[in-house]
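Chemist: Data: final-v8.txt, compact mmCIF, C-alpha atoms and all ligand atoms.
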```txt
# COMPACT_ATOMS: atom_id res chain seq x y z
CA MET A 1 -45.14 -78.67 41.39
CA THR A 2 -42.09 -76.59 42.39
CA PRO A 3 -43.15 -73.04 43.29
CA LYS A 4 -41.47 -70.24 41.34
CA VAL A 5 -39.57 -67.92 43.69
CA VAL A 6 -38.38 -64.57 42.33
CA VAL A 7 -36.00 -62.54 44.50
CA LEU A 8 -35.50 -58.88 43.53
CA GLY A 9 -32.08 -57.56 44.57
CA ALA A 10 -28.89 -59.53 45.29
CA GLY A 11 -27.68 -57.61 48.32
CA PHE A 12 -27.31 -58.89 51.89
CA GLY A 13 -30.97 -60.01 52.01
CA GLY A 14 -31.33 -61.51 48.53
CA LEU A 15 -28.02 -63.40 48.72
CA GLU A 16 -28.77 -64.88 52.14
CA LEU A 17 -32.29 -65.96 51.15
CA SER A 18 -31.16 -67.58 47.87
CA THR A 19 -28.35 -69.41 49.65
CA ILE A 20 -30.55 -70.87 52.38
CA LEU A 21 -33.26 -71.99 49.95
CA SER A 22 -30.68 -73.59 47.64
CA ASP A 23 -29.08 -75.42 50.57
CA THR A 24 -32.50 -76.61 51.84
CA PHE A 25 -34.29 -77.65 48.63
CA THR A 26 -31.54 -79.84 47.26
CA ASP A 27 -33.90 -81.65 44.89
CA GLY A 28 -36.13 -78.98 43.41
CA LEU A 29 -35.91 -75.22 43.64
CA ASP A 30 -36.92 -72.73 40.97
CA LEU A 31 -35.47 -69.40 42.13
CA THR A 32 -34.56 -66.42 39.97
CA LEU A 33 -32.35 -63.78 41.60
CA ILE A 34 -32.29 -60.46 39.75
CA ASP A 35 -29.90 -57.53 40.20
CA ARG A 36 -28.90 -54.70 37.86
CA SER A 37 -25.28 -54.88 38.95
CA ASP A 38 -22.71 -57.56 38.11
CA HIS A 39 -21.24 -57.48 41.61
CA PHE A 40 -21.94 -57.07 45.34
CA VAL A 41 -19.95 -54.90 47.77
CA PHE A 42 -20.14 -55.02 51.58
CA GLY A 43 -21.26 -51.60 52.91
CA TYR A 44 -18.21 -51.34 55.15
CA SER A 45 -15.89 -51.88 52.17
CA LYS A 46 -16.79 -48.34 51.08
CA LEU A 47 -14.86 -47.01 54.10
CA ASP A 48 -11.88 -49.21 53.14
CA VAL A 49 -12.02 -47.89 49.57
CA MET A 50 -12.36 -44.18 50.42
CA PHE A 51 -9.42 -44.23 52.84
CA GLY A 52 -7.24 -46.23 50.44
CA ARG A 53 -7.13 -49.38 52.58
CA GLU A 54 -8.47 -51.41 49.61
CA THR A 55 -8.79 -50.80 45.87
CA PRO A 56 -12.31 -50.71 44.40
CA GLU A 57 -11.59 -53.86 42.37
CA ALA A 58 -10.42 -55.80 45.43
CA VAL A 59 -13.79 -55.45 47.21
CA ARG A 60 -16.08 -56.36 44.28
CA LEU A 61 -17.70 -59.79 44.62
CA TYR A 62 -18.93 -60.86 41.19
CA TYR A 63 -22.30 -62.56 40.84
CA ARG A 64 -20.88 -64.77 38.07
CA ASN A 65 -19.31 -66.76 40.95
CA ILE A 66 -22.72 -67.80 42.27
CA VAL A 67 -23.13 -71.51 41.62
CA LYS A 68 -26.12 -72.67 43.62
CA PRO A 69 -28.43 -75.52 42.64
CA GLY A 70 -31.87 -74.19 41.74
CA VAL A 71 -30.74 -70.51 41.63
CA ARG A 72 -30.52 -68.58 38.34
CA PHE A 73 -28.86 -65.16 38.60
CA ARG A 74 -29.99 -62.61 36.03
CA GLN A 75 -28.19 -59.28 35.60
CA GLU A 76 -31.17 -57.16 34.57
CA THR A 77 -32.72 -53.87 35.63
CA ILE A 78 -36.17 -54.19 37.16
CA THR A 79 -38.48 -51.65 35.53
CA ALA A 80 -41.90 -52.58 36.97
CA ILE A 81 -43.34 -54.66 39.83
CA ASP A 82 -46.99 -55.67 40.01
CA PRO A 83 -47.40 -56.99 43.58
CA VAL A 84 -51.01 -58.08 43.02
CA ALA A 85 -50.25 -60.28 40.01
CA ARG A 86 -46.69 -61.03 41.31
CA HIS A 87 -45.45 -59.99 37.90
CA VAL A 88 -42.01 -58.41 37.37
CA THR A 89 -40.77 -56.62 34.27
CA THR A 90 -37.09 -56.03 33.56
CA ASP A 91 -35.16 -54.46 30.68
CA ARG A 92 -34.81 -57.98 29.26
CA GLY A 93 -37.97 -59.88 30.11
CA ILE A 94 -40.95 -60.71 32.27
CA TYR A 95 -41.12 -62.97 35.35
CA GLU A 96 -44.19 -64.51 36.99
CA ALA A 97 -43.75 -65.56 40.63
CA ASP A 98 -45.61 -67.75 43.08
CA VAL A 99 -43.51 -66.14 45.81
CA LEU A 100 -42.01 -62.70 45.28
CA VAL A 101 -39.38 -61.25 47.64
CA VAL A 102 -38.48 -57.57 47.33
CA ALA A 103 -34.94 -56.94 48.62
CA LEU A 104 -34.02 -53.87 46.57
CA GLY A 105 -32.36 -51.86 49.36
CA ALA A 106 -32.26 -48.06 49.60
CA ASP A 107 -31.16 -45.62 46.89
CA TYR A 108 -29.79 -42.11 47.42
CA ASP A 109 -31.35 -38.77 46.52
CA LEU A 110 -28.37 -36.43 46.19
CA ASP A 111 -30.51 -33.61 44.79
CA ALA A 112 -32.50 -33.46 48.04
CA THR A 113 -29.60 -31.61 49.71
CA PRO A 114 -28.97 -28.37 47.82
CA GLY A 115 -25.27 -27.83 47.10
CA LEU A 116 -24.19 -31.39 47.98
CA ILE A 117 -23.26 -32.36 44.42
CA GLU A 118 -21.57 -29.03 43.61
CA GLY A 119 -19.81 -28.39 46.92
CA GLY A 120 -19.54 -31.66 48.81
CA ASN A 121 -18.95 -35.39 48.61
CA GLU A 122 -20.80 -38.49 49.73
CA PHE A 123 -19.29 -41.83 50.72
CA TYR A 124 -22.44 -44.00 50.87
CA SER A 125 -22.41 -45.06 47.19
CA PHE A 126 -19.56 -47.11 45.76
CA GLN A 127 -18.92 -44.37 43.16
CA GLY A 128 -18.85 -41.69 45.87
CA ALA A 129 -16.43 -43.67 48.03
CA SER A 130 -14.21 -44.43 45.01
CA ARG A 131 -14.14 -40.74 43.99
CA LEU A 132 -12.98 -39.77 47.48
CA ARG A 133 -9.74 -41.67 46.85
CA GLU A 134 -8.79 -38.75 44.59
CA VAL A 135 -10.23 -36.02 46.86
CA LEU A 136 -8.82 -36.99 50.27
CA PRO A 137 -5.11 -36.80 49.36
CA ALA A 138 -5.63 -33.12 48.42
CA PHE A 139 -7.08 -32.28 51.86
CA THR A 140 -4.12 -31.08 53.88
CA LYS A 141 -5.55 -28.31 56.05
CA GLY A 142 -8.85 -26.84 57.22
CA HIS A 143 -12.18 -28.09 58.51
CA ALA A 144 -13.69 -31.43 57.53
CA ILE A 145 -17.35 -32.11 58.32
CA VAL A 146 -18.88 -35.58 58.29
CA GLY A 147 -22.59 -34.75 58.11
CA VAL A 148 -25.91 -36.61 58.02
CA THR A 149 -28.49 -34.92 55.79
CA SER A 150 -31.64 -36.93 56.53
CA THR A 151 -33.09 -39.89 58.44
CA PRO A 152 -33.34 -42.86 58.21
CA PHE A 153 -29.83 -43.70 56.98
CA LYS A 154 -27.91 -46.97 56.60
CA CYS A 155 -25.61 -48.27 59.30
CA PRO A 156 -25.98 -45.61 62.04
CA PRO A 157 -22.37 -46.17 63.26
CA ALA A 158 -20.88 -45.41 59.80
CA PRO A 159 -20.65 -41.59 60.17
CA SER A 160 -18.80 -42.02 63.50
CA GLU A 161 -16.50 -44.59 61.86
CA ALA A 162 -15.78 -42.19 58.99
CA ALA A 163 -14.80 -39.40 61.44
CA LEU A 164 -12.44 -41.72 63.38
CA LEU A 165 -10.89 -43.20 60.23
CA LEU A 166 -10.40 -39.68 58.84
CA ASP A 167 -8.50 -38.85 62.03
CA ASP A 168 -6.32 -41.95 61.46
CA TYR A 169 -5.79 -41.05 57.79
CA LEU A 170 -4.71 -37.47 58.53
CA THR A 171 -2.52 -38.51 61.48
CA LYS A 172 -0.65 -41.08 59.34
CA ARG A 173 -0.02 -38.43 56.69
CA GLY A 174 1.21 -35.88 59.26
CA MET A 175 -1.66 -33.45 58.50
CA ARG A 176 -3.84 -33.87 61.58
CA ASP A 177 -2.60 -30.75 63.43
CA ALA A 178 -3.59 -28.57 60.48
CA CYS A 179 -7.13 -30.02 60.28
CA GLN A 180 -10.31 -29.95 62.36
CA ILE A 181 -12.95 -32.69 62.20
CA SER A 182 -16.64 -32.27 63.12
CA LEU A 183 -19.42 -34.86 63.04
CA VAL A 184 -23.03 -33.67 62.60
CA MET A 185 -25.55 -36.30 63.71
CA PRO A 186 -29.35 -36.26 64.16
CA PHE A 187 -29.21 -38.10 67.52
CA GLY A 188 -28.23 -36.94 71.02
CA ILE A 189 -25.63 -39.73 71.23
CA PRO A 190 -23.87 -41.59 68.39
CA ILE A 191 -25.75 -44.94 68.67
CA PRO A 192 -28.97 -44.42 70.69
CA PRO A 193 -29.85 -48.13 71.34
CA SER A 194 -26.41 -48.69 72.89
CA PRO A 195 -25.43 -46.11 75.54
CA ALA A 196 -22.20 -48.07 76.21
CA ALA A 197 -21.11 -47.92 72.55
CA SER A 198 -22.06 -44.25 72.46
CA ARG A 199 -19.94 -43.52 75.57
CA ALA A 200 -16.96 -45.29 73.99
CA LEU A 201 -17.40 -43.30 70.78
CA LEU A 202 -17.79 -39.98 72.60
CA SER A 203 -14.60 -40.63 74.57
CA ALA A 204 -12.77 -41.60 71.34
CA PHE A 205 -13.97 -38.32 69.78
CA ALA A 206 -12.75 -36.36 72.83
CA GLU A 207 -9.31 -38.10 72.76
CA ARG A 208 -8.94 -37.32 69.06
CA ASP A 209 -10.29 -33.78 69.17
CA ILE A 210 -13.32 -34.58 66.97
CA THR A 211 -16.23 -32.21 67.60
CA PHE A 212 -19.55 -34.06 67.98
CA VAL A 213 -22.55 -31.91 66.98
CA PRO A 214 -25.66 -33.77 68.29
CA ASN A 215 -29.34 -33.45 67.32
CA ARG A 216 -28.66 -31.71 64.00
CA LEU A 217 -28.99 -32.48 60.30
CA VAL A 218 -27.20 -30.72 57.44
CA HIS A 219 -29.95 -29.24 55.26
CA ALA A 220 -27.87 -27.60 52.53
CA LEU A 221 -24.38 -26.58 51.46
CA ASP A 222 -23.53 -23.16 50.08
CA PRO A 223 -20.64 -24.05 47.74
CA ALA A 224 -19.74 -20.39 47.04
CA ARG A 225 -19.27 -19.54 50.72
CA ARG A 226 -18.21 -23.11 51.65
CA VAL A 227 -20.64 -23.33 54.55
CA ALA A 228 -22.97 -26.10 55.66
CA ILE A 229 -26.43 -24.90 56.70
CA LEU A 230 -27.92 -26.97 59.52
CA ASP A 231 -31.60 -27.58 60.29
CA ASP A 232 -31.63 -24.79 62.91
CA GLN A 233 -30.26 -22.39 60.24
CA SER A 234 -26.86 -22.21 61.98
CA GLU A 235 -23.84 -22.37 59.68
CA MET A 236 -20.55 -24.27 59.79
CA ALA A 237 -17.68 -23.35 57.49
CA PHE A 238 -15.98 -26.32 55.81
CA ASP A 239 -13.11 -27.16 53.49
CA LEU A 240 -14.12 -30.80 53.01
CA PHE A 241 -17.67 -32.14 53.35
CA LEU A 242 -18.27 -35.88 53.62
CA GLY A 243 -22.03 -36.37 53.48
CA ILE A 244 -24.53 -39.08 54.20
CA PRO A 245 -27.15 -38.41 51.49
CA LYS A 246 -30.93 -38.66 51.81
CA HIS A 247 -32.15 -42.27 51.41
CA ARG A 248 -35.25 -43.40 49.50
CA VAL A 249 -36.63 -46.58 47.96
CA PRO A 250 -35.59 -47.31 44.36
CA ALA A 251 -37.97 -45.58 41.90
CA VAL A 252 -39.38 -48.92 40.69
CA VAL A 253 -40.51 -49.72 44.25
CA LYS A 254 -42.19 -46.34 44.66
CA GLU A 255 -44.00 -46.80 41.34
CA SER A 256 -45.21 -50.28 42.37
CA GLY A 257 -47.56 -48.73 44.95
CA MET A 258 -46.13 -50.91 47.73
CA THR A 259 -44.82 -48.06 49.92
CA GLU A 260 -46.41 -46.08 52.74
CA GLY A 261 -44.51 -43.16 54.24
CA GLY A 262 -41.65 -43.81 51.84
CA TRP A 263 -40.87 -47.48 52.66
CA ILE A 264 -42.58 -50.88 52.28
CA PRO A 265 -44.59 -51.74 55.41
CA VAL A 266 -44.32 -55.40 56.50
CA ASN A 267 -45.63 -57.55 59.30
CA PRO A 268 -42.59 -57.35 61.64
CA THR A 269 -42.98 -60.95 62.80
CA ASN A 270 -42.80 -62.60 59.35
CA LEU A 271 -41.87 -59.89 56.78
CA LYS A 272 -45.07 -60.41 54.77
CA THR A 273 -46.41 -57.40 52.87
CA ARG A 274 -50.14 -56.75 52.51
CA PHE A 275 -49.97 -58.48 49.09
CA PRO A 276 -50.45 -62.28 49.32
CA GLY A 277 -47.28 -64.18 48.39
CA VAL A 278 -45.13 -61.04 48.50
CA TYR A 279 -42.42 -60.49 51.15
CA ALA A 280 -40.09 -57.53 51.60
CA ILE A 281 -36.81 -57.61 53.51
CA GLY A 282 -33.98 -55.26 54.44
CA ASP A 283 -33.43 -51.57 53.80
CA VAL A 284 -36.44 -51.23 51.47
CA THR A 285 -38.85 -51.81 54.41
CA SER A 286 -39.98 -49.86 57.47
CA VAL A 287 -39.78 -52.97 59.69
CA GLY A 288 -38.34 -51.08 62.67
CA THR A 289 -34.70 -52.21 62.65
CA PRO A 290 -31.85 -49.97 61.46
CA LYS A 291 -30.93 -50.15 57.80
CA ALA A 292 -27.95 -52.51 58.02
CA GLY A 293 -26.83 -55.68 56.28
CA VAL A 294 -27.03 -57.87 59.37
CA PHE A 295 -30.71 -57.02 59.77
CA SER A 296 -31.44 -57.68 56.07
CA GLU A 297 -29.72 -61.02 56.53
CA GLY A 298 -31.76 -61.82 59.68
CA ALA A 299 -34.99 -60.95 57.87
CA ALA A 300 -33.97 -63.22 54.97
CA GLN A 301 -33.47 -66.08 57.43
CA VAL A 302 -37.01 -65.64 58.77
CA VAL A 303 -38.52 -65.55 55.26
CA ALA A 304 -36.51 -68.64 54.28
CA ALA A 305 -37.79 -70.51 57.36
CA SER A 306 -41.34 -69.42 56.56
CA LEU A 307 -41.08 -70.63 52.94
CA VAL A 308 -39.55 -73.93 54.02
CA ALA A 309 -42.47 -74.37 56.45
CA GLU A 310 -45.00 -73.49 53.75
CA PHE A 311 -43.52 -75.73 51.02
CA GLN A 312 -43.02 -78.65 53.40
CA GLY A 313 -46.32 -78.18 55.25
CA ASN A 314 -44.62 -77.56 58.62
CA GLU A 315 -45.52 -75.03 61.32
CA GLU A 316 -44.63 -71.35 60.87
CA PRO A 317 -41.21 -70.47 62.39
CA SER A 318 -40.82 -68.24 65.44
CA ALA A 319 -41.16 -64.49 64.97
CA TYR A 320 -38.42 -62.17 63.69
CA THR A 321 -36.61 -60.55 66.64
CA GLY A 322 -34.60 -57.87 64.83
CA GLU A 323 -31.34 -58.96 66.45
CA GLY A 324 -27.95 -58.20 64.97
CA SER A 325 -24.32 -57.41 65.67
CA CYS A 326 -22.59 -54.43 64.10
CA TYR A 327 -18.83 -53.99 64.03
CA VAL A 328 -17.65 -50.43 64.64
CA GLU A 329 -14.27 -49.17 63.37
CA PHE A 330 -12.55 -47.09 66.06
CA GLY A 331 -9.37 -46.40 64.06
CA ALA A 332 -5.86 -47.37 65.21
CA ASN A 333 -6.62 -50.92 64.02
CA ARG A 334 -9.33 -51.52 66.63
CA VAL A 335 -12.94 -52.57 66.16
CA GLY A 336 -15.80 -52.62 68.70
CA ARG A 337 -19.04 -54.62 68.50
CA VAL A 338 -22.62 -53.58 69.25
CA ASP A 339 -25.19 -56.35 69.78
CA VAL A 340 -28.75 -55.08 69.47
CA ASP A 341 -32.25 -56.47 69.70
CA PHE A 342 -34.92 -54.22 68.19
CA LEU A 343 -38.17 -56.15 68.18
CA SER A 344 -38.25 -58.66 71.08
CA GLY A 345 -39.07 -56.16 73.84
CA PRO A 346 -40.98 -52.90 74.21
CA SER A 347 -37.89 -50.87 73.25
CA PRO A 348 -34.53 -51.67 71.60
CA THR A 349 -31.74 -52.98 73.82
CA GLY A 350 -28.03 -53.18 73.11
CA SER A 351 -24.74 -54.29 74.62
CA PHE A 352 -21.19 -53.38 73.62
CA LEU A 353 -17.80 -55.09 73.37
CA ASP A 354 -14.89 -52.66 73.76
CA PRO A 355 -12.68 -51.97 70.74
CA SER A 356 -9.86 -54.50 70.32
CA THR A 357 -7.63 -56.06 67.70
CA ALA A 358 -9.36 -59.41 68.38
CA LEU A 359 -12.59 -57.92 67.01
CA VAL A 360 -10.70 -56.84 63.85
CA GLY A 361 -10.22 -60.56 63.24
CA GLU A 362 -13.86 -61.30 64.03
CA LYS A 363 -15.02 -58.67 61.52
CA GLU A 364 -12.73 -60.21 58.87
CA HIS A 365 -14.26 -63.59 59.63
CA PHE A 366 -17.76 -62.08 59.25
CA GLY A 367 -16.90 -60.96 55.69
CA ALA A 368 -14.99 -64.12 54.77
CA SER A 369 -17.81 -66.41 55.92
CA ARG A 370 -20.36 -64.56 53.74
CA ARG A 371 -17.98 -64.56 50.76
CA ARG A 372 -17.66 -68.32 51.10
CA ARG A 373 -21.35 -69.04 51.73
CA TRP A 374 -22.78 -66.74 49.05
CA PHE A 375 -20.08 -66.83 46.37
CA GLY A 376 -18.05 -69.97 47.12
CA LEU A 377 -14.88 -67.81 47.35
C1 LIG A 401 -20.49 -46.73 54.54
C2 LIG A 401 -21.37 -47.90 54.90
C3 LIG A 401 -20.96 -48.81 55.86
C4 LIG A 401 -21.79 -49.87 56.25
N1 LIG A 401 -21.34 -50.78 57.18
C5 LIG A 401 -22.14 -51.81 57.53
C6 LIG A 401 -21.71 -52.76 58.51
O1 LIG A 401 -20.58 -52.67 59.04
N2 LIG A 401 -22.56 -53.77 58.85
C7 LIG A 401 -23.81 -53.89 58.27
O2 LIG A 401 -24.53 -54.82 58.62
N3 LIG A 401 -24.25 -53.00 57.36
C8 LIG A 401 -23.45 -51.97 56.97
N4 LIG A 401 -23.89 -51.07 56.02
C9 LIG A 401 -25.27 -51.15 55.52
C10 LIG A 401 -25.47 -52.26 54.46
O3 LIG A 401 -24.58 -52.10 53.39
C11 LIG A 401 -26.89 -52.22 53.93
O4 LIG A 401 -27.79 -51.97 54.97
C12 LIG A 401 -27.24 -53.56 53.27
O5 LIG A 401 -26.48 -53.72 52.11
C13 LIG A 401 -28.72 -53.67 52.98
O6 LIG A 401 -28.99 -54.92 52.42
P1 LIG A 401 -30.28 -55.12 51.47
O7 LIG A 401 -30.23 -56.54 51.04
O8 LIG A 401 -31.48 -54.61 52.15
O9 LIG A 401 -30.00 -54.13 50.24
P2 LIG A 401 -28.71 -53.97 49.33
O10 LIG A 401 -27.54 -54.74 49.88
O11 LIG A 401 -28.54 -52.51 49.13
O12 LIG A 401 -29.13 -54.68 47.97
C14 LIG A 401 -30.10 -54.14 47.12
C15 LIG A 401 -29.77 -54.60 45.70
O13 LIG A 401 -30.83 -54.21 44.83
C16 LIG A 401 -30.30 -53.86 43.58
N5 LIG A 401 -31.25 -53.00 42.87
C17 LIG A 401 -31.79 -51.83 43.28
N6 LIG A 401 -32.64 -51.37 42.35
C18 LIG A 401 -32.65 -52.26 41.32
C19 LIG A 401 -33.35 -52.33 40.08
N7 LIG A 401 -34.24 -51.40 39.67
N8 LIG A 401 -33.12 -53.41 39.28
C20 LIG A 401 -32.25 -54.38 39.67
N9 LIG A 401 -31.56 -54.34 40.83
C21 LIG A 401 -31.76 -53.30 41.65
C22 LIG A 401 -28.99 -53.16 43.92
O14 LIG A 401 -28.08 -53.21 42.83
C23 LIG A 401 -28.51 -53.94 45.15
O15 LIG A 401 -27.57 -54.95 44.80
C24 LIG A 401 -23.06 -50.02 55.62
C25 LIG A 401 -23.46 -49.12 54.61
C26 LIG A 401 -22.63 -48.07 54.25
C27 LIG A 401 -23.08 -47.14 53.17
```
Mind turning the file's structure into structure tokens?
Ligand SMILES: Cc1cc2nc3c(=O)[nH]c(=O)nc-3n(C[C@H](O)[C@H](O)[C@H](O)COP(=O)(O)OP(=O)(O)OC[C@H]3O[C@@H](n4cnc5c(N)ncnc54)[C@H](O)[C@@H]3O)c2cc1C
Modeler:
Amino acid sequence: MTPKVVVLGAGFGGLELSTILSDTFTDGLDLTLIDRSDHFVFGYSKLDVMFGRETPEAVRLYYRNIVKPGVRFRQETITAIDPVARHVTTDRGIYEADVLVVALGADYDLDATPGLIEGGNEFYSFQGASRLREVLPAFTKGHAIVGVTSTPFKCPPAPSEAALLLDDYLTKRGMRDACQISLVMPFGIPIPPSPAASRALLSAFAERDITFVPNRLVHALDPARRVAILDDQSEMAFDLFLGIPKHRVPAVVKESGMTEGGWIPVNPTNLKTRFPGVYAIGDVTSVGTPKAGVFSEGAAQVVAASLVAEFQGNEEPSAYTGEGSCYVEFGANRVGRVDVDFLSGPSPTGSFLDPSTALVGEKEHFGASRRRRWFGL
């Protein structure tokens, strides 16, 4: 009998897993992939959208393009998950699974930062990034702060990228001399696992007169006085605030009872949860890698290999290593690359390729190859 696989969430993790299983089980797969949205967007496309490099429509990848043998996509909102019975309820129906994979990502809690909605902006959601297309053209002078409000947060290089791309944006429009840019980050250096990438970023900030404020979070905004209040109670005046909002699991995951300390704990070697037959991958977990698409994808590959081994009676695959490469926008049409390994050794290690135009092409290839593999585009 063909086991019923139900994958919750069609982001980086869910798309990769469904694709591998469809490619492997060419004569018999019963996989349902559920997402509330009708499209996927790469995280980095939000930077392209906010700075006007792409339109919102140009970066949407519609799930209706998924044509994979054995995979049924359902656009439905998941309203309850019972991990013991492997039973999922949506706004349109009920699904019973032999194997359940939770890949629902991280949601944002904008209310957790007082004043953020009234006095600031965020660029981590697609709506927030799209809205900034209207806000940024009106910013012609004053102090812009890119600020992290809480940890953990997705794609640790993204705040640094936003500060550098803002510098580019203002320079191109002839406004840079009238503006200051500060970046408030909770770490001592921009990307702690990669000192080389951090050095390159710090020197790019120095060249471009971007003030790096280390070891701080923004706790609140006071919209009336236009000041950001940091976690040591110090204040920074701002004219434009670009925030990284607090992250949390989607409400349906919290209500499922699967979380501990806010995220789903998994066995880091095989991504199994404590519930038999239930895996969790990507941003929704506390596996120990950063919250980034490449790591969700790597976790999906390990789960796929494990399911192939189980269904075909082979040996378990080798353990998840938490390896991944992240492209980092440096502005001026240059991209750097950080290669990191989070789980193989006692502590994370990373290496860095200097920013270049060649890596711009490599990043484009990264996106194009996923578009082709997942959506056939
Ligand atoms: C500005 C920015 C830049 C980034 N740049 C990069 C980068 O360069 N490289 C990189 O690797 N990562 C990057 N990321 C991070 C990356 O986007 C995420 O880490 C990645 O998408 C996580 O994949 P996932 O599969 O775990 O979850 P997601 O891709 O978030 O997918 C989760 C899915 O679950 C669905 N969902 C949630 N709740 C429900 C529900 N109740 N019912 C139905 N569906 C639901 C959502 O609609 C979503 O499609 C960036 C992120 C941001 C914000």
Chemist: Find the nearest atom pair between each residue of chain A and ligand LIG 401 (chain A) for residues within 6 Å, count all atoms listed in the file, give distances in Å to one decimal, sort rows by chain and ascending number, and present the table as CSV.
Modeler:
```
residue,atom,partner,partner_atom,distance
A:Gly9,CA,A:LIG401,O13,3.6
A:Ala10,CA,A:LIG401,O15,4.8
A:Gly11,CA,A:LIG401,O10,3.3
A:Phe12,CA,A:LIG401,O7,3.8
A:Gly13,CA,A:LIG401,O7,3.7
A:Gly14,CA,A:LIG401,O7,5.7
A:Asp35,CA,A:LIG401,N9,3.7
A:Arg36,CA,A:LIG401,C20,3.8
A:Ser37,CA,A:LIG401,O14,5.1
A:Phe42,CA,A:LIG401,O3,5.6
A:Gly43,CA,A:LIG401,O3,3.4
A:Tyr44,CA,A:LIG401,N1,3.8
A:Lys46,CA,A:LIG401,C1,5.3
A:Leu47,CA,A:LIG401,C1,5.7
A:Glu76,CA,A:LIG401,C20,5.9
A:Thr77,CA,A:LIG401,N8,3.7
A:Ile78,CA,A:LIG401,N8,3.8
A:Thr79,CA,A:LIG401,N7,5.9
A:Ala103,CA,A:LIG401,O7,5.3
A:Leu104,CA,A:LIG401,O13,3.6
A:Gly105,CA,A:LIG401,O9,3.4
A:Ala106,CA,A:LIG401,O11,5.8
A:Tyr124,CA,A:LIG401,C27,3.9
A:Lys154,CA,A:LIG401,C9,5.1
A:Cys155,CA,A:LIG401,N4,4.6
A:Ala158,CA,A:LIG401,C3,5.2
A:Pro250,CA,A:LIG401,N6,5.4
A:Val252,CA,A:LIG401,N7,5.8
A:Gly282,CA,A:LIG401,O8,3.5
A:Asp283,CA,A:LIG401,O8,4.0
A:Lys291,CA,A:LIG401,O4,4.6
A:Ala292,CA,A:LIG401,O4,3.1
A:Gly293,CA,A:LIG401,O2,3.4
A:Val294,CA,A:LIG401,O2,4.0
A:Ser296,CA,A:LIG401,O8,5.0
A:Cys326,CA,A:LIG401,N2,5.3
A:Tyr327,CA,A:LIG401,O1,5.5
```
Chemist: For Leu307 of chain A, which of A:Leu242, A:Met258, A:Leu271, A:Ile181 is the closest residue, counting only C-alpha atoms?
Modeler: A:Leu271
Chemist: Can you pull out every residue within 9 Å of Phe51 of chain A, counting all atoms listed in the file, but drop anything in the same chain fewer than 2 positions away, and send it as a short mmCIF file (atom, residue, chain, number, x, y, z; two decimals) with C-alpha atoms, in the coordinates of the input?
Modeler:
```
data_model
loop_
_atom_site.label_atom_id
_atom_site.label_comp_id
_atom_site.auth_asym_id
_atom_site.auth_seq_id
_atom_site.Cartn_x
_atom_site.Cartn_y
_atom_site.Cartn_z
CA LYS A 46 -16.79 -48.34 51.08
CA LEU A 47 -14.86 -47.01 54.10
CA ASP A 48 -11.88 -49.21 53.14
CA VAL A 49 -12.02 -47.89 49.57
CA ARG A 53 -7.13 -49.38 52.58
CA GLU A 54 -8.47 -51.41 49.61
CA ALA A 129 -16.43 -43.67 48.03
CA LEU A 132 -12.98 -39.77 47.48
CA ARG A 133 -9.74 -41.67 46.85
CA LEU A 136 -8.82 -36.99 50.27
CA LEU A 165 -10.89 -43.20 60.23
CA LEU A 166 -10.40 -39.68 58.84
CA TYR A 169 -5.79 -41.05 57.79
#
```
Chemist: Check the smallest atom-to-atom distance from each of A:Leu116, A:Val278, A:Ala299, A:Ile81 to Val227 of chain A using only C-alpha atoms, then report the winner.
Modeler: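 Among A:Leu116, A:Val278, A:Ala299, A:Ile81, it is A:Leu116 that comes nearest to Val227 of chain A.
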Chemist: Quick check, in Å to one decimal: how far apart do atom CA of Phe275 of chain A and atom CA of Leu8 of chain A lie?
Modeler: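 Atom-to-atom, atom CA of Phe275 of chain A and atom CA of Leu8 of chain A are spaced 15.5 Å apart.
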Chemist: Which is closer to Leu377 of chain A than all the others in A:Leu343, A:Val67, A:Leu230, A:Leu15, using only C-alpha atoms?
Modeler: A:Val67
Chemist: Excluding Ile66 of chain A and its own-chain neighbours fewer than 3 positions away, which residues fall within 10 Å of it when counting only C-alpha atoms? Please give them as a ChimeraX atom specification.
Modeler: /A:15,19,61-63,69,71-73,373-377
